[in-house]
Number of protein chains: 2
Amino acid sequence: MTFSLTSPFRKTFSNSLREKGLRPTKQRECVYGIILDKRDHPTADDIYYRVKKYLPGTSFATVYNCLETLVGCGLVRQVNMDRSPTRYCPNLTPHAHFKCNKTGRIYDIQIDEDTLSRMNALVPQGFEAENIDLSFSGTGNALEN
Amino acid sequence: MTFSLTSPFRKTFSNSLREKGLRPTKQRECVYGIILDKRDHPTADDIYYRVKKYLPGTSFATVYNCLETLVGCGLVRQVNMDRSPTRYCPNLTPHAHFKCNKTGRIYDIQIDEDTLSRMNALVPQGFEAENIDLSFSGTGNALEN
DNA sequence: AGTTATAAATGGAATTATTCTAATTATTAA
DNA sequence: TTAATAATTAGAATAATTCCATTTATAACT
């Protein structure tokens with residue numbers, strides 16, 4: 001059994017790939033579906049084991065390849081916190097991340113327009129920011145811990 | 001020949017270490033001096049080769065050990081951009097980093113109090129941020145490139 | 001449908017930054 | 001000056017990721 005995207009996601013998925021002349025393979029669909037599914041910022045390793053349940057023949061290289069492709073198409077984003085393994089996130093709105101040092105869990109934090117533009121205003125003349133990255137670490141939601 | 005800190009830095013250096021019951025060794029002084037010297041955000045690798053000029057017997061493990069110690073004492077800060085090697089920075093004021101994708105160079109960007117407090121205000125109730133990290137990447141200072 | 005050209009997937013080896021380990025050397029306190 | 005402890009050392013180990021050569025799947029064209 002393969003991991004099937006629901007219709008609107010499937011459309012976004014194949015359109016984004018086709019726009020770049022790339023093929024919507026079942027491995028790519030599965031990886032994308034898994035990232036959309038739990039939204040728990042899984043690592044490549046996490047994704048690998050989840051993909052295996054649907055497509056047992058999948059290799060690590062494929063997971064990395066798929067992730068690179070999905071990132072390249074703008075379908076998912078990489079989240080890097082310090083030197084820990086890269087995590088993947090389907091939330092494409094401007095947001096920051098908060099990592100709880102106790103649980104390792106990562107939370108999305110929305111950034112309002114005003115704060116976002118202030119942050120962008122920090123960039124000096126002559127510099128052109130393509131990417132902005134804001135992250136926090138500390139102790140997470142006391143209620144959940 | 002060893003790398004000697006100028007008097008005010010040397011004092012900060014040995015005080016910070018002694019406060020934690022750690023020894024101000026020549027390797028630690030050298031690593032710290034090198035980070036203060038060029039302020040170009042060197043990697044452990046960069047630091048290793050620079051240290052070797054002064055203390056040829058120094059090993060990689062020592063460089064990593066020294067860096068860990070210096071970070072632990074709050075004398076230097078780690079700068080992580082994506083998955084690239086960790087860089088080290090003696091600037092302890094609140095500041096962001098800008099990485100030029102063309103040259104690889106990293107620039108410090110000051111963060112004003114107002115913007116900083118707005119960023120901190122993004123953290124939701126129940127979360128306690130110990131660390132905040134803001135970084136940009138894109139194309140750097142056109143005049144310098 | 002069948003062929004062909006090309007893109008993607010695969011398994012395993014290689015790479016890279018970093019950490020660990022056990023033995024040696026240096027520093028500090030008594 | 002010695003003893004206790006901390007730091008350094010060389011090299012092995014690890015972990016995440018990338019590379020490579022081969023096989024398989026996909027899409028375009030008969």
# chains A, B, ... in the order shown; residues from 1 in each chain; ligands from 1
call {"tool": "interface_residues", "arguments": {"of": "chain D", "to": "chain A", "cutoff": "10 Å", "atoms": "only C-alpha atoms (C1' of nucleotides)", "output": "MDAnalysis selection string"}}
result
chainID D and resid 15:19 25:27
call {"tool": "interface_residues", "arguments": {"of": "chain C", "to": "chain B", "cutoff": "10 Å", "atoms": "only C-alpha atoms (C1' of nucleotides)", "output": "number ranges by chain"}}
result
C: 16-20, 26-28
call {"tool": "write_last_selection", "arguments": {"atoms": "N, CA, C and O atoms (P, O5', C5', C4', C3', O3' and C1' of nucleotides)", "output": "PDB file, in the first residue's frame"}}
result
ATOM      1  P    DT C  16      35.095  15.334   2.521  1.00  0.00           P
ATOM      2  O5'  DT C  16      34.274  16.025   3.699  1.00  0.00           O
ATOM      3  C5'  DT C  16      32.860  15.891   3.775  1.00  0.00           C
ATOM      4  C4'  DT C  16      32.414  16.408   5.126  1.00  0.00           C
ATOM      5  C3'  DT C  16      33.497  17.096   5.941  1.00  0.00           C
ATOM      6  O3'  DT C  16      32.926  18.220   6.567  1.00  0.00           O
ATOM      7  C1'  DT C  16      32.618  15.285   7.162  1.00  0.00           C
ATOM      8  P    DA C  17      33.808  19.344   7.257  1.00  0.00           P
ATOM      9  O5'  DA C  17      33.177  19.329   8.706  1.00  0.00           O
ATOM     10  C5'  DA C  17      31.777  19.570   8.857  1.00  0.00           C
ATOM     11  C4'  DA C  17      31.367  19.072  10.211  1.00  0.00           C
ATOM     12  C3'  DA C  17      32.157  19.675  11.366  1.00  0.00           C
ATOM     13  O3'  DA C  17      31.219  20.215  12.287  1.00  0.00           O
ATOM     14  C1'  DA C  17      32.161  17.289  11.498  1.00  0.00           C
ATOM     15  P    DT C  18      31.677  20.908  13.607  1.00  0.00           P
ATOM     16  O5'  DT C  18      31.691  19.676  14.606  1.00  0.00           O
ATOM     17  C5'  DT C  18      30.512  18.870  14.691  1.00  0.00           C
ATOM     18  C4'  DT C  18      30.797  17.629  15.505  1.00  0.00           C
ATOM     19  C3'  DT C  18      31.410  17.893  16.876  1.00  0.00           C
ATOM     20  O3'  DT C  18      30.402  17.610  17.827  1.00  0.00           O
ATOM     21  C1'  DT C  18      32.344  15.980  15.808  1.00  0.00           C
ATOM     22  P    DT C  19      30.673  17.751  19.373  1.00  0.00           P
ATOM     23  O5'  DT C  19      31.003  16.243  19.790  1.00  0.00           O
ATOM     24  C5'  DT C  19      30.065  15.233  19.487  1.00  0.00           C
ATOM     25  C4'  DT C  19      30.619  13.899  19.960  1.00  0.00           C
ATOM     26  C3'  DT C  19      31.084  13.897  21.417  1.00  0.00           C
ATOM     27  O3'  DT C  19      30.490  12.739  21.987  1.00  0.00           O
ATOM     28  C1'  DT C  19      32.784  13.045  20.018  1.00  0.00           C
ATOM     29  P    DC C  20      30.632  12.390  23.531  1.00  0.00           P
ATOM     30  O5'  DC C  20      31.635  11.145  23.479  1.00  0.00           O
ATOM     31  C5'  DC C  20      31.340  10.056  22.618  1.00  0.00           C
ATOM     32  C4'  DC C  20      32.498   9.063  22.647  1.00  0.00           C
ATOM     33  C3'  DC C  20      33.019   8.773  24.055  1.00  0.00           C
ATOM     34  O3'  DC C  20      33.061   7.361  24.190  1.00  0.00           O
ATOM     35  C1'  DC C  20      34.803   9.383  22.609  1.00  0.00           C
ATOM     36  P    DA C  26      54.182  18.349  29.493  1.00  0.00           P
ATOM     37  O5'  DA C  26      53.085  19.131  30.337  1.00  0.00           O
ATOM     38  C5'  DA C  26      51.949  19.647  29.643  1.00  0.00           C
ATOM     39  C4'  DA C  26      51.036  20.305  30.647  1.00  0.00           C
ATOM     40  C3'  DA C  26      51.697  21.341  31.528  1.00  0.00           C
ATOM     41  O3'  DA C  26      50.834  22.459  31.488  1.00  0.00           O
ATOM     42  C1'  DA C  26      50.602  19.711  32.872  1.00  0.00           C
ATOM     43  P    DT C  27      51.213  23.826  32.162  1.00  0.00           P
ATOM     44  O5'  DT C  27      50.299  23.795  33.470  1.00  0.00           O
ATOM     45  C5'  DT C  27      48.882  23.718  33.322  1.00  0.00           C
ATOM     46  C4'  DT C  27      48.248  23.535  34.687  1.00  0.00           C
ATOM     47  C3'  DT C  27      48.673  24.565  35.714  1.00  0.00           C
ATOM     48  O3'  DT C  27      47.494  25.235  36.109  1.00  0.00           O
ATOM     49  C1'  DT C  27      48.758  22.361  36.613  1.00  0.00           C
ATOM     50  P    DT C  28      47.565  26.550  37.039  1.00  0.00           P
ATOM     51  O5'  DT C  28      47.218  25.933  38.467  1.00  0.00           O
ATOM     52  C5'  DT C  28      45.991  25.230  38.638  1.00  0.00           C
ATOM     53  C4'  DT C  28      46.001  24.521  39.986  1.00  0.00           C
ATOM     54  C3'  DT C  28      46.361  25.430  41.157  1.00  0.00           C
ATOM     55  O3'  DT C  28      45.275  25.371  42.063  1.00  0.00           O
ATOM     56  C1'  DT C  28      47.587  23.377  41.229  1.00  0.00           C
TER      57       DT C  28
END
call {"tool": "atom_distance", "arguments": {"atom1": "CA of Ala142 in chain B", "atom2": "CA of Cys100 in chain B"}}
result
10.2 Å
call {"tool": "interface_residues", "arguments": {"of": "chain B", "to": "chain A", "cutoff": "6 Å", "atoms": "only C-alpha atoms", "output": "number ranges by chain"}}
result
B: 80, 82, 126-142
call {"tool": "closest_residue", "arguments": {"among": "B:Val63, B:Leu22, B:Leu92, B:Val51", "to": "DA6 in chain D", "atoms": "only C-alpha atoms (C1' of nucleotides)"}}
result
B:Leu22
call {"tool": "atom_distance", "arguments": {"atom1": "CA of Tyr54 in chain B", "atom2": "CA of Cys30 in chain B"}}
result
7.8 Å
call {"tool": "select_by_dssp", "arguments": {"residues": "chain B", "states": "helix (DSSP H, G or I)", "output": "PyMOL selection string"}}
result
chain B and resi 7-19+26-38+44-54+60-72+113-120
call {"tool": "atom_distance", "arguments": {"atom1": "CA of Thr69 in chain B", "atom2": "CA of Gly104 in chain B"}}
result
26.4 Å
call {"tool": "closest_residue", "arguments": {"among": "C:DA30, C:DT6, C:DA1, C:DT25", "to": "DA7 in chain D", "atoms": "only C-alpha atoms (C1' of nucleotides)"}}
result
C:DT25
